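The file coords34.cif comes next; it holds mmCIF, C-alpha atoms.
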data_model
loop_
_atom_site.label_atom_id
_atom_site.label_comp_id
_atom_site.auth_asym_id
_atom_site.auth_seq_id
_atom_site.Cartn_x
_atom_site.Cartn_y
_atom_site.Cartn_z
CA MET A 5 64.92 134.81 109.27
CA THR A 6 67.75 137.32 109.21
CA THR A 7 71.36 136.53 108.50
CA PRO A 8 73.74 137.50 111.32
CA ARG A 9 76.29 140.24 110.76
CA ASP A 10 79.40 138.05 110.64
CA THR A 11 77.81 135.67 108.13
CA GLN A 12 77.05 138.69 105.94
CA ASP A 13 80.68 139.76 106.29
CA LEU A 14 81.78 136.30 105.26
CA ILE A 15 79.55 136.44 102.19
CA GLU A 16 81.05 139.83 101.27
CA SER A 17 84.61 138.56 101.50
CA LEU A 18 83.78 135.40 99.54
CA ALA A 19 82.14 137.47 96.80
CA ALA A 20 85.23 139.70 96.69
CA ASP A 21 87.41 136.58 96.38
CA LEU A 22 85.45 135.16 93.44
CA SER A 23 87.36 134.18 90.31
CA PRO A 24 85.82 132.57 87.23
CA ALA A 25 85.53 128.80 87.58
CA ARG A 26 87.64 126.72 85.22
CA PRO A 27 85.45 124.12 83.60
CA GLY A 28 87.04 120.71 83.44
CA THR A 29 88.82 120.95 86.80
CA VAL A 30 87.33 117.69 88.06
CA PRO A 31 88.05 115.39 85.08
CA LEU A 32 91.48 116.95 84.44
CA ARG A 33 92.72 116.37 87.96
CA ILE A 34 91.48 112.79 88.10
CA ALA A 35 92.97 112.06 84.69
CA ALA A 36 96.29 113.51 85.88
CA SER A 37 96.37 110.99 88.72
CA ALA A 38 96.10 108.18 86.16
CA ALA A 39 98.83 109.68 83.99
CA VAL A 40 101.27 109.79 86.90
CA GLY A 41 100.05 106.59 88.61
CA GLY A 42 100.02 104.72 85.30
CA ALA A 43 103.58 105.82 84.56
CA VAL A 44 104.68 104.54 87.98
CA ALA A 45 102.90 101.22 87.39
CA LEU A 46 104.57 100.92 84.02
CA GLY A 47 107.95 101.60 85.65
CA LEU A 48 107.24 98.89 88.24
CA VAL A 49 106.37 96.42 85.47
CA LEU A 50 109.58 97.27 83.57
CA VAL A 51 111.81 97.03 86.64
CA PHE A 52 110.34 94.11 88.57
CA LEU A 53 108.39 91.99 86.09
CA GLY A 54 109.72 92.77 82.63
CA LEU A 55 107.74 93.13 79.42
CA ARG A 56 106.55 89.92 77.80
CA PRO A 57 109.22 88.82 75.35
CA ASP A 58 106.79 88.52 72.45
CA LEU A 59 105.24 91.95 72.97
CA ARG A 60 106.09 93.13 69.45
CA GLN A 61 104.44 90.13 67.77
CA VAL A 62 101.27 90.05 69.88
CA ALA A 63 100.83 93.81 69.61
CA ALA A 64 100.74 93.36 65.84
CA GLY A 65 97.43 91.56 66.02
CA ASP A 66 96.98 88.92 68.74
CA MET A 67 93.33 88.98 69.72
CA MET A 68 93.78 87.95 73.37
CA PHE A 69 96.46 90.57 73.92
CA TRP A 70 94.16 93.31 72.69
CA MET A 71 91.19 91.89 74.52
CA LYS A 72 93.11 92.04 77.79
CA ALA A 73 94.18 95.59 77.03
CA GLY A 74 90.68 96.59 75.95
CA TYR A 75 89.04 95.07 79.03
CA ALA A 76 91.51 96.88 81.32
CA VAL A 77 90.99 100.19 79.54
CA VAL A 78 87.19 99.90 79.64
CA LEU A 79 87.29 99.10 83.38
CA GLY A 80 89.59 102.07 83.92
CA LEU A 81 87.28 104.35 81.92
CA ALA A 82 84.27 103.08 83.87
CA GLY A 83 86.07 103.90 87.11
CA PHE A 84 87.08 107.29 85.77
CA TRP A 85 83.50 108.08 84.84
CA SER A 86 82.16 107.07 88.27
CA ALA A 87 84.96 108.84 90.13
CA GLU A 88 84.44 112.00 88.12
CA ARG A 89 80.75 112.05 89.12
CA LEU A 90 81.27 110.92 92.72
CA ALA A 91 83.94 113.57 93.32
CA ARG A 92 81.06 116.08 93.22
CA PRO A 93 78.34 116.60 95.82
CA ALA A 94 75.15 114.73 94.88
CA GLY A 95 76.98 113.03 92.00
CA SER A 96 75.91 109.54 90.98
CA GLY A 97 78.46 106.96 89.86
CA ARG A 98 75.81 104.71 88.38
CA GLY A 99 76.83 105.15 84.74
CA GLY A 100 80.41 104.06 85.33
CA PHE A 101 79.46 101.10 87.50
CA LEU A 102 76.96 99.98 84.86
CA LEU A 103 79.66 100.16 82.20
CA MET A 104 81.88 98.04 84.45
CA ALA A 105 79.13 95.44 84.90
CA LEU A 106 78.53 95.39 81.15
CA ALA A 107 82.22 94.85 80.38
CA LEU A 108 82.49 92.13 83.02
CA GLY A 109 79.36 90.43 81.68
CA MET A 110 80.70 90.43 78.12
CA VAL A 111 84.07 89.02 79.13
CA ILE A 112 82.43 86.28 81.21
CA LEU A 113 80.10 85.40 78.35
CA PHE A 114 83.00 85.24 75.91
CA ALA A 115 85.01 83.09 78.33
CA ALA A 116 82.07 80.73 78.88
CA ILE A 117 81.59 80.21 75.13
CA ARG A 118 85.29 79.47 74.70
CA MET A 119 85.30 77.08 77.63
CA MET A 120 82.38 75.12 76.24
CA ARG A 121 84.13 74.63 72.92
CA MET A 122 87.25 73.37 74.65
CA PRO A 123 87.93 69.68 75.46
CA PRO A 124 87.06 69.22 79.16
CA GLU A 125 90.60 68.29 80.19
CA MET A 126 91.83 71.61 78.78
CA ARG A 127 89.48 73.74 80.82
CA MET A 128 91.26 73.80 84.17
CA PRO A 129 94.73 74.54 82.72
CA MET A 130 93.32 77.37 80.60
CA TRP A 131 91.43 78.82 83.53
CA LEU A 132 94.33 78.77 85.96
CA GLY A 133 97.10 79.39 83.42
CA GLN A 134 100.62 79.69 84.81
CA SER A 135 100.00 82.66 87.05
CA TRP A 136 96.49 82.65 88.55
CA ASP A 137 98.00 82.82 92.05
CA VAL A 138 100.01 86.01 91.43
CA CYS A 139 97.90 87.90 88.86
CA PRO A 140 95.25 89.47 91.17
CA ILE A 141 97.72 90.52 93.84
CA ARG A 142 100.08 92.02 91.27
CA ILE A 143 97.27 94.06 89.75
CA LEU A 144 96.35 95.23 93.24
CA MET A 145 99.96 96.27 93.92
CA LEU A 146 100.25 98.07 90.60
CA SER A 147 97.01 99.94 91.30
CA ILE A 148 98.26 101.48 94.54
CA PRO A 149 100.10 104.50 93.03
CA THR A 150 97.07 105.56 90.96
CA LEU A 151 94.67 104.83 93.80
CA ALA A 152 96.67 106.92 96.26
CA LEU A 153 96.89 109.84 93.83
CA ALA A 154 93.23 109.62 92.85
CA LEU A 155 92.16 109.64 96.52
CA LEU A 156 94.40 112.64 97.22
CA VAL A 157 93.02 114.51 94.24
CA MET A 158 89.39 113.64 95.00
CA ARG A 159 89.73 114.69 98.60
CA ARG A 160 90.40 118.21 97.34
CA LEU A 161 87.24 118.08 95.24
CA ALA A 162 84.03 117.43 97.16
CA PRO A 163 82.93 113.78 97.37
CA THR A 164 79.96 113.26 99.68
CA ARG A 165 79.53 109.48 99.37
CA LEU A 166 82.95 108.43 100.47
CA THR A 167 82.74 104.63 100.26
CA LEU A 168 81.32 104.71 96.74
CA ALA A 169 83.74 107.40 95.64
CA GLY A 170 86.61 105.31 97.04
CA ALA A 171 85.36 102.23 95.18
CA ALA A 172 85.20 104.24 91.95
CA ALA A 173 88.77 105.46 92.49
CA GLY A 174 89.81 101.84 93.09
CA LEU A 175 88.09 100.62 89.93
CA PHE A 176 89.79 103.41 88.01
CA ALA A 177 93.21 102.56 89.47
CA GLY A 178 92.59 98.83 88.96
CA GLY A 179 91.91 99.38 85.26
CA VAL A 180 95.13 101.38 84.88
CA ALA A 181 97.07 98.67 86.74
CA ALA A 182 95.57 95.84 84.69
CA ALA A 183 96.52 97.64 81.48
CA ALA A 184 100.12 97.96 82.68
CA TYR A 185 100.20 94.33 83.87
CA GLY A 186 98.97 93.15 80.45
CA LEU A 187 102.35 94.18 79.03
CA HIS A 188 104.00 91.54 81.21
CA CYS A 189 101.41 88.78 81.43
CA THR A 190 101.46 86.09 78.72
CA GLU A 191 98.23 84.29 79.66
CA THR A 192 95.94 83.60 76.72
CA GLY A 193 92.77 82.21 78.32
CA ALA A 194 89.60 84.27 78.16
CA ALA A 195 88.48 82.60 81.39
CA PHE A 196 91.79 83.61 82.94
CA LEU A 197 91.08 87.22 82.03
CA ALA A 198 87.47 87.07 83.19
CA THR A 199 88.44 85.63 86.57
CA TRP A 200 91.88 86.74 87.68
CA TYR A 201 92.08 90.16 86.03
CA SER A 202 88.58 90.94 87.27
CA LEU A 203 89.54 89.77 90.75
CA GLY A 204 92.62 92.00 90.76
CA VAL A 205 90.57 95.03 89.75
CA ALA A 206 87.88 94.09 92.29
CA LEU A 207 90.53 93.96 95.04
CA SER A 208 91.64 97.44 94.05
CA ALA A 209 88.03 98.69 94.12
CA ALA A 210 87.52 97.05 97.52
CA LEU A 211 90.66 98.71 98.86
CA GLY A 212 89.38 102.05 97.56
CA ALA A 213 85.99 101.50 99.20
CA LEU A 214 87.70 100.58 102.45
CA LEU A 215 89.96 103.64 102.40
CA GLY A 216 87.33 106.06 101.08
CA PRO A 217 85.61 107.08 104.33
CA TRP A 218 88.98 107.83 105.87
CA ALA A 219 91.04 109.10 102.93
CA LEU A 220 88.34 111.18 101.27
CA ARG A 221 87.03 113.00 104.34
CA TRP A 222 87.42 116.74 103.74
CA ARG A 223 86.74 119.73 105.96
CA MET B 10 63.66 122.76 98.56
CA SER B 11 60.96 124.28 96.47
CA VAL B 12 61.16 123.47 92.80
CA ASP B 13 60.83 127.07 91.58
CA LEU B 14 64.03 128.05 93.35
CA GLU B 15 66.14 125.85 91.10
CA PRO B 16 66.09 127.92 87.87
CA ARG B 17 66.86 131.10 89.78
CA LEU B 18 69.75 129.63 91.76
CA ASN B 19 71.07 127.76 88.76
CA ALA B 20 71.17 131.00 86.75
CA LEU B 21 72.92 132.79 89.63
CA MET B 22 75.45 129.99 89.87
CA ARG B 23 76.22 130.14 86.14
CA ARG B 24 76.80 133.89 86.39
CA ALA B 25 78.98 133.37 89.47
CA GLN B 26 81.04 130.72 87.70
CA ALA B 27 81.66 133.26 84.99
CA GLY B 28 83.11 135.47 87.71
CA GLU B 29 80.25 137.84 88.54
CA ALA B 30 80.66 138.80 92.20
CA ALA B 31 77.18 140.29 92.58
CA ALA B 32 75.56 137.01 91.54
CA TRP B 33 77.74 135.10 93.99
CA ARG B 34 76.82 137.49 96.82
CA GLU B 35 73.13 137.09 96.08
CA LEU B 36 73.37 133.33 95.78
CA LEU B 37 75.34 132.93 99.02
CA SER B 38 72.83 135.14 100.85
CA VAL B 39 69.91 132.99 99.70
CA LEU B 40 71.85 129.89 100.67
CA ALA B 41 72.76 131.29 104.09
CA GLU B 42 69.09 131.72 104.90
CA ARG B 43 68.09 128.36 103.49
CA ARG B 44 70.91 126.54 105.23
CA ALA B 45 70.05 128.18 108.53
CA ILE B 46 66.53 126.78 108.22
CA TYR B 47 67.83 123.38 107.13
CA PHE B 48 70.31 123.13 110.02
CA GLY B 49 67.90 124.70 112.47
CA ARG B 50 65.42 121.89 111.91
CA ARG B 51 68.04 119.21 112.31
CA LEU B 52 70.10 120.57 115.13
CA ALA B 53 66.99 121.28 117.18
CA GLN B 54 67.80 120.42 120.74
CA ASP B 55 71.40 119.69 121.34
CA HIS B 56 73.61 122.01 119.36
CA ALA B 57 71.48 124.99 118.36
CA ALA B 58 74.44 127.20 119.23
CA ASP B 59 76.46 125.61 116.42
CA LEU B 60 73.95 126.63 113.79
CA GLU B 61 75.74 129.75 112.57
CA ASP B 62 79.10 127.97 112.55
CA LEU B 63 77.62 125.29 110.37
CA VAL B 64 76.07 127.83 108.01
CA GLN B 65 79.41 129.59 107.64
CA GLU B 66 81.35 126.37 107.19
CA THR B 67 78.91 125.33 104.49
CA LEU B 68 79.20 128.67 102.70
CA LEU B 69 82.98 128.37 102.81
CA ALA B 70 82.86 124.82 101.44
CA ILE B 71 80.50 125.93 98.68
CA HIS B 72 82.87 128.75 97.84
CA ARG B 73 86.09 126.72 97.89
CA ARG B 74 84.67 123.73 96.07
CA ARG B 75 82.46 125.59 93.59
CA ALA B 76 84.44 124.11 90.68
CA THR B 77 82.85 120.73 91.47
CA TYR B 78 79.44 122.01 90.42
CA ASP B 79 78.47 120.72 87.00
CA PRO B 80 76.14 123.29 85.37
CA SER B 81 74.18 120.53 83.65
CA GLN B 82 73.08 119.15 87.04
CA PRO B 83 70.56 120.65 89.52
CA PHE B 84 72.23 123.28 91.66
CA THR B 85 69.94 122.82 94.65
CA ALA B 86 70.82 119.14 94.90
CA TRP B 87 74.51 120.03 94.81
CA ALA B 88 74.20 122.69 97.50
CA TYR B 89 72.07 120.39 99.66
CA ALA B 90 74.57 117.58 99.41
CA VAL B 91 77.29 119.92 100.69
CA ALA B 92 75.09 121.02 103.60
CA ARG B 93 74.17 117.44 104.44
CA TYR B 94 77.83 116.39 104.34
CA LYS B 95 78.72 119.23 106.69
CA LEU B 96 75.89 118.33 109.05
CA ILE B 97 76.84 114.66 109.23
CA ASP B 98 80.48 115.63 109.70
CA HIS B 99 79.40 117.90 112.54
CA TRP B 100 77.52 115.08 114.26
CA ARG B 101 80.38 112.71 113.82
CA ARG B 102 82.76 115.11 115.48
CA ARG B 103 80.34 116.06 118.23
CA ARG B 104 79.16 112.59 119.13
CA ILE B 105 82.20 112.05 121.36
CA ARG B 106 81.54 115.15 123.39
CA ALA B 107 77.78 115.36 123.16
CA HIS B 108 76.21 115.64 126.58
CA VAL B 109 72.85 117.28 126.53
CA PRO B 110 71.47 118.67 129.76
CA LEU B 111 68.18 116.93 130.45
CA GLU B 112 66.18 120.06 131.18
CA PHE B 113 67.21 121.46 127.81
CA VAL B 114 65.79 118.43 126.05
CA GLU B 115 62.54 118.69 127.98
CA ASP B 116 62.19 122.39 127.21
CA SER B 117 62.58 121.93 123.51
CA LEU B 118 60.19 119.02 123.52
CA TRP B 119 57.47 121.29 124.86
CA GLU B 120 58.18 123.77 122.14
CA GLU B 121 57.30 121.40 119.33
CA PRO B 122 54.40 123.07 117.55
CA ASP B 123 52.85 120.10 115.77
CA LEU B 124 51.69 118.03 118.72
CA SER B 125 49.29 118.99 121.44
CA ALA B 126 50.66 119.00 124.96
CA GLU B 127 48.55 116.04 125.95
CA ALA B 128 49.53 113.87 123.01
CA ARG B 129 53.10 114.86 123.62
CA LEU B 130 52.86 113.64 127.21
CA ASP B 131 51.38 110.31 126.16
CA LEU B 132 54.08 109.89 123.58
CA GLU B 133 56.73 110.74 126.15
CA ARG B 134 55.37 108.14 128.58
CA LEU B 135 55.53 105.52 125.86
CA LEU B 136 58.89 106.60 124.56
CA VAL B 137 60.69 106.38 127.88
CA THR B 138 59.78 102.69 128.10
CA LEU B 139 62.05 102.06 125.11
CA PRO B 140 65.83 101.66 125.17
CA GLU B 141 67.59 105.00 124.83
CA ARG B 142 68.92 104.29 121.34
CA GLN B 143 65.45 103.51 120.03
CA GLN B 144 63.99 106.57 121.76
CA ARG B 145 66.50 108.75 120.02
CA LEU B 146 65.83 107.19 116.63
CA ILE B 147 62.10 107.77 116.94
CA ARG B 148 62.67 111.35 118.04
CA ASP B 149 65.09 112.01 115.19
CA VAL B 150 63.10 110.42 112.41
CA LYS B 151 59.47 110.72 113.44
CA ILE B 152 59.58 114.01 115.34
CA GLU B 153 62.54 115.95 113.99
CA GLY B 154 61.95 114.73 110.45
CA LEU B 155 65.47 113.53 109.76
CA SER B 156 66.13 110.98 107.04
CA LEU B 157 67.11 107.47 108.10
CA ALA B 158 70.64 108.02 106.85
CA GLU B 159 70.98 111.20 108.89
CA ALA B 160 69.53 109.69 112.04
CA GLY B 161 71.73 106.65 111.55
CA ALA B 162 74.85 108.77 111.21
CA ARG B 163 73.86 110.60 114.36
CA ALA B 164 73.50 107.35 116.27
CA GLY B 165 76.59 105.84 114.69
CA MET B 166 74.87 103.18 112.60
CA THR B 167 74.31 102.54 108.95
CA GLU B 168 71.10 103.53 107.20
CA GLY B 169 70.06 99.88 107.04
CA ALA B 170 70.67 99.31 110.75
CA ALA B 171 68.74 102.48 111.57
CA LYS B 172 65.83 101.29 109.46
CA VAL B 173 65.69 97.95 111.25
CA ALA B 174 66.07 99.52 114.71
CA LEU B 175 63.37 102.09 113.96
CA HIS B 176 61.03 99.43 112.66
CA ARG B 177 61.51 97.42 115.85
CA ALA B 178 60.98 100.45 118.04
CA MET B 179 57.78 101.37 116.21
CA ALA B 180 56.50 97.80 116.49
CA THR B 181 57.17 97.81 120.23
CA LEU B 182 55.44 101.16 120.60
CA SER B 183 52.34 100.10 118.72
CA SER B 184 52.04 96.86 120.67
CA ARG B 185 52.24 98.91 123.89
CA THR B 186 49.59 101.35 122.64
CA ARG B 187 47.23 98.46 122.07
CA ALA B 188 48.03 97.03 125.50
CA THR B 189 47.14 100.23 127.39
#

What does this structure look like when you write it as structure tokens?
Amino acid sequence: MTTPRDTQDLIESLAADLSPARPGTVPLRIAASAAVGGAVALGLVLVFLGLRPDLRQVAAGDMMFWMKAGYAVVLGLAGFWSAERLARPAGSGRGGFLLMALALGMVILFAAIRMMRMPPEMRMPMWLGQSWDVCPIRILMLSIPTLALALLVMRRLAPTRLTLAGAAAGLFAGGVAAAAYGLHCTETGAAFLATWYSLGVALSAALGALLGPWALRWR
Amino acid sequence: MSVDLEPRLNALMRRAQAGEAAAWRELLSVLAERRAIYFGRRLAQDHAADLEDLVQETLLAIHRRRATYDPSQPFTAWAYAVARYKLIDHWRRRRIRAHVPLEFVEDSLWEEPDLSAEARLDLERLLVTLPERQQRLIRDVKIEGLSLAEAGARAGMTEGAAKVALHRAMATLSSRTRAT
């Protein structure tokens, strides 16, 4: 099979245009979307929700505060890992999604153990807390800046599985949003975290998966 | 893609990522040929004229998005995923306008090298008894050698739906073979 003349010309001009590739382009760009999106989410928390009044005390060593923060950060990292792989042709996001499942499993296990040790009449109030009805939707809202930026950035890379790549971007953005929301939220139940935080991040991932095929299509 | 090509292409890609134009030229030339074969097999009947466009678009995408290649991963898989993405994108855009002249389809059917004319005729007689969607699936997957995901994208369904539809079509065909 011979290559037609104009394809050969194209190859010549592309070779002439070659510049050394910068390693780290993919992770750097995706991380940048979290830096900017996370800052916006933080601003939204400060302006519309306010920091929790006891932030200084709980930050000094409250276990539930740090568990919420840690869970959010691990989910965000899992999403980052998947998105970083899925932004490349033939990339597999399996590692990140497995990390997410592992983190979710551990939080659920921890919540179940705590629930069992609790008097039965305490279980419902701890599970629903004061804010179960607003927590997931707020996390979803706070994830939108990061999600939008991550999708824009990934579109300029080369995702080939768009739904999965969108879900990874959503997981990533959801983790960032949950971390920011943890600075406002005063809930202390492990079951609250396992359910409503997870649901908020899942909504963000679902939104990403929904938008992926449209927002990530590149030419 | 043959396995022995991977080390050679991977080495070329590493040199190209370091900025060596000669390596990039050589790599793109190999890819141009390979992609032409890849698209040629899959475009077969309807859009053979688009083959060179697709090759060039793929080369351009590979060039512009070369930073997304991770040197620790297989290069051939990366380059194939780009080609496959471009092919599916092409079908998606063409589906709206795709009208294939019947005689063109018949011509290219006769040209298939792997079936004798007689078997081909029998198969044709059986195939036309199926709904058009199922006919197309069988042609795409069993004759053209497309993957289920590719054939599904071409017909506008998911891989899972294509699998079910193909399974049904094959079951119908085999029951008809037994009946005749």

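Within the 7 Å cut-off around Ala181 (chain A), using only C-alpha atoms and omitting residues fewer than 4 positions from it on the same chain, the listed residues are Gly42, Ala45, Ile143, Leu146, Ser147, Ala177 and Tyr185 of chain A.
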
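With only C-alpha atoms as the basis for measurement, A:Leu22 is the residue among A:Leu175, A:Leu108, A:Leu168, A:Leu22 that approaches chain B most closely.
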
Identify, on the basis of all atoms listed in the file, every residue whose closest approach to region 141-153 of chain B does not exceed 7 Å; exclude the query and any residue fewer than 5 positions from it along the same chain; express the result as a PDB file with C-alpha atoms, in the coordinates of the input.
ATOM      1  CA  ARG B  50      65.420 121.890 111.910  1.00  0.00           C
ATOM      2  CA  ARG B  51      68.040 119.210 112.310  1.00  0.00           C
ATOM      3  CA  LEU B 136      58.890 106.600 124.560  1.00  0.00           C
ATOM      4  CA  ALA B 160      69.530 109.690 112.040  1.00  0.00           C
ATOM      5  CA  ALA B 174      66.070  99.520 114.710  1.00  0.00           C
ATOM      6  CA  LEU B 175      63.370 102.090 113.960  1.00  0.00           C
ATOM      7  CA  ALA B 178      60.980 100.450 118.040  1.00  0.00           C
TER       8      ALA B 178
END

Running the PyMOL selection byres ((chain A) within 8 of (chain B)) on this model by hand, what would come out? Give it as a short mmCIF file (atom, residue, chain, number, x, y, z; two decimals) with C-alpha atoms, keeping the file's coordinate frame.
data_model
loop_
_atom_site.label_atom_id
_atom_site.label_comp_id
_atom_site.auth_asym_id
_atom_site.auth_seq_id
_atom_site.Cartn_x
_atom_site.Cartn_y
_atom_site.Cartn_z
CA MET A 5 64.92 134.81 109.27
CA THR A 6 67.75 137.32 109.21
CA THR A 7 71.36 136.53 108.50
CA THR A 11 77.81 135.67 108.13
CA GLN A 12 77.05 138.69 105.94
CA LEU A 14 81.78 136.30 105.26
CA ILE A 15 79.55 136.44 102.19
CA GLU A 16 81.05 139.83 101.27
CA LEU A 18 83.78 135.40 99.54
CA ALA A 19 82.14 137.47 96.80
CA ALA A 20 85.23 139.70 96.69
CA LEU A 22 85.45 135.16 93.44
CA SER A 23 87.36 134.18 90.31
CA PRO A 24 85.82 132.57 87.23
CA ALA A 25 85.53 128.80 87.58
CA ARG A 26 87.64 126.72 85.22
CA PRO A 27 85.45 124.12 83.60
CA THR A 29 88.82 120.95 86.80
CA VAL A 30 87.33 117.69 88.06
CA ALA A 91 83.94 113.57 93.32
CA ARG A 92 81.06 116.08 93.22
CA PRO A 93 78.34 116.60 95.82
CA ALA A 94 75.15 114.73 94.88
CA GLY A 95 76.98 113.03 92.00
CA LEU A 161 87.24 118.08 95.24
CA ALA A 162 84.03 117.43 97.16
CA THR A 164 79.96 113.26 99.68
CA ARG A 223 86.74 119.73 105.96
#

Requested in this report: Output the residue selection produced by the PyMOL selection byres ((chain A and resi 104) around 8) on the file above, formatted as a PyMOL selection string.
Outcome: chain A and resi 78-79+82-83+100-103+105-108

Requested in this report: Can you work out the spacing between CA of Ala195 (chain A) and CA of Val180 (chain A) in Å, to one decimal?
Outcome: 20.2 Å

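By all atoms listed in the file, and with residues fewer than 4 positions from Gly165 (chain B) along its chain excluded, the set lying at most 12 Å from it is B:Ile97, B:Asp98, B:Trp100, B:Arg101, B:Arg102, B:Arg103, B:Arg104, B:Ile105, B:Arg142, B:Arg145, B:Leu146, B:Leu157, B:Ala158, B:Glu159, B:Ala160, B:Gly161, B:Gly169, B:Ala170, B:Ala171.
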
Export, as a PDB file, in the coordinates of the input, the selected residues with C-alpha atoms.
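This went into out_19.pdb:
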ATOM      1  CA  ILE B  97      76.840 114.660 109.230  1.00  0.00           C
ATOM      2  CA  ASP B  98      80.480 115.630 109.700  1.00  0.00           C
ATOM      3  CA  TRP B 100      77.520 115.080 114.260  1.00  0.00           C
ATOM      4  CA  ARG B 101      80.380 112.710 113.820  1.00  0.00           C
ATOM      5  CA  ARG B 102      82.760 115.110 115.480  1.00  0.00           C
ATOM      6  CA  ARG B 103      80.340 116.060 118.230  1.00  0.00           C
ATOM      7  CA  ARG B 104      79.160 112.590 119.130  1.00  0.00           C
ATOM      8  CA  ILE B 105      82.200 112.050 121.360  1.00  0.00           C
ATOM      9  CA  ARG B 142      68.920 104.290 121.340  1.00  0.00           C
ATOM     10  CA  ARG B 145      66.500 108.750 120.020  1.00  0.00           C
ATOM     11  CA  LEU B 146      65.830 107.190 116.630  1.00  0.00           C
ATOM     12  CA  LEU B 157      67.110 107.470 108.100  1.00  0.00           C
ATOM     13  CA  ALA B 158      70.640 108.020 106.850  1.00  0.00           C
ATOM     14  CA  GLU B 159      70.980 111.200 108.890  1.00  0.00           C
ATOM     15  CA  ALA B 160      69.530 109.690 112.040  1.00  0.00           C
ATOM     16  CA  GLY B 161      71.730 106.650 111.550  1.00  0.00           C
ATOM     17  CA  GLY B 169      70.060  99.880 107.040  1.00  0.00           C
ATOM     18  CA  ALA B 170      70.670  99.310 110.750  1.00  0.00           C
ATOM     19  CA  ALA B 171      68.740 102.480 111.570  1.00  0.00           C
TER      20      ALA B 171
END

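Between CA of Leu132 (chain A) and CA of Thr199 (chain A) the separation is 9.1 Å.
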
Report task. Pull out every residue that the PyMOL selection byres ((chain A and resi 87) around 8) matches in the shown coordinates and put them as a VMD selection string. Result -> chain A and resid 34 83 to 86 88 to 91 97 169 to 170 172 to 173 176

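Atom pair CA of Ala115 (chain A) / CA of Gly74 (chain A): separated by 14.8 Å.
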
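You can rank A:Leu166, A:Thr190, A:Arg159, A:Pro129 by their closest distance to Asp66 (chain A) using all atoms listed in the file, and at the top of that list sits A:Thr190.
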
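Distances to Leu155 (chain A) were evaluated for A:Phe52, A:Trp222, A:Trp70, A:Tyr75 using all atoms listed in the file, and the minimum falls at A:Trp222.
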
Export of region 131-173 of chain B: C-alpha atoms, as a compact mmCIF listing (two decimals), in the first residue's frame:
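Generated file (part_16.txt):
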# COMPACT_ATOMS: atom_id res chain seq x y z
CA ASP B 131 -26.99 -18.45 -0.10
CA LEU B 132 -26.00 -16.12 2.68
CA GLU B 133 -27.51 -13.19 0.81
CA ARG B 134 -30.81 -15.03 0.34
CA LEU B 135 -30.94 -15.74 4.05
CA LEU B 136 -29.82 -12.30 5.08
CA VAL B 137 -32.47 -10.42 3.16
CA THR B 138 -35.16 -12.26 5.12
CA LEU B 139 -33.99 -10.42 8.25
CA PRO B 140 -34.92 -6.89 9.29
CA GLU B 141 -32.53 -4.34 7.81
CA ARG B 142 -30.93 -3.46 11.16
CA GLN B 143 -30.08 -7.08 11.85
CA GLN B 144 -28.77 -7.58 8.32
CA ARG B 145 -26.42 -4.69 8.79
CA LEU B 146 -25.19 -5.95 12.14
CA ILE B 147 -24.39 -9.38 10.72
CA ARG B 148 -22.60 -7.81 7.78
CA ASP B 149 -20.60 -5.49 10.01
CA VAL B 150 -19.60 -7.99 12.64
CA LYS B 151 -19.50 -11.35 10.89
CA ILE B 152 -18.38 -10.26 7.42
CA GLU B 153 -16.53 -6.97 7.85
CA GLY B 154 -14.96 -8.09 11.13
CA LEU B 155 -15.94 -5.06 13.18
CA SER B 156 -16.09 -5.27 16.95
CA LEU B 157 -19.51 -5.19 18.60
CA ALA B 158 -18.83 -1.72 19.96
CA GLU B 159 -17.92 -0.43 16.52
CA ALA B 160 -20.89 -2.02 14.80
CA GLY B 161 -23.13 -0.74 17.57
CA ALA B 162 -21.85 2.80 17.17
CA ARG B 163 -22.46 2.52 13.46
CA ALA B 164 -26.04 1.44 14.01
CA GLY B 165 -26.58 3.92 16.82
CA MET B 166 -26.85 1.43 19.67
CA THR B 167 -24.80 0.49 22.67
CA GLU B 168 -22.42 -2.44 22.63
CA GLY B 169 -24.80 -4.41 24.83
CA ALA B 170 -27.78 -3.75 22.56
CA ALA B 171 -25.72 -4.71 19.52
CA LYS B 172 -24.73 -7.96 21.20
CA VAL B 173 -28.34 -8.87 21.95
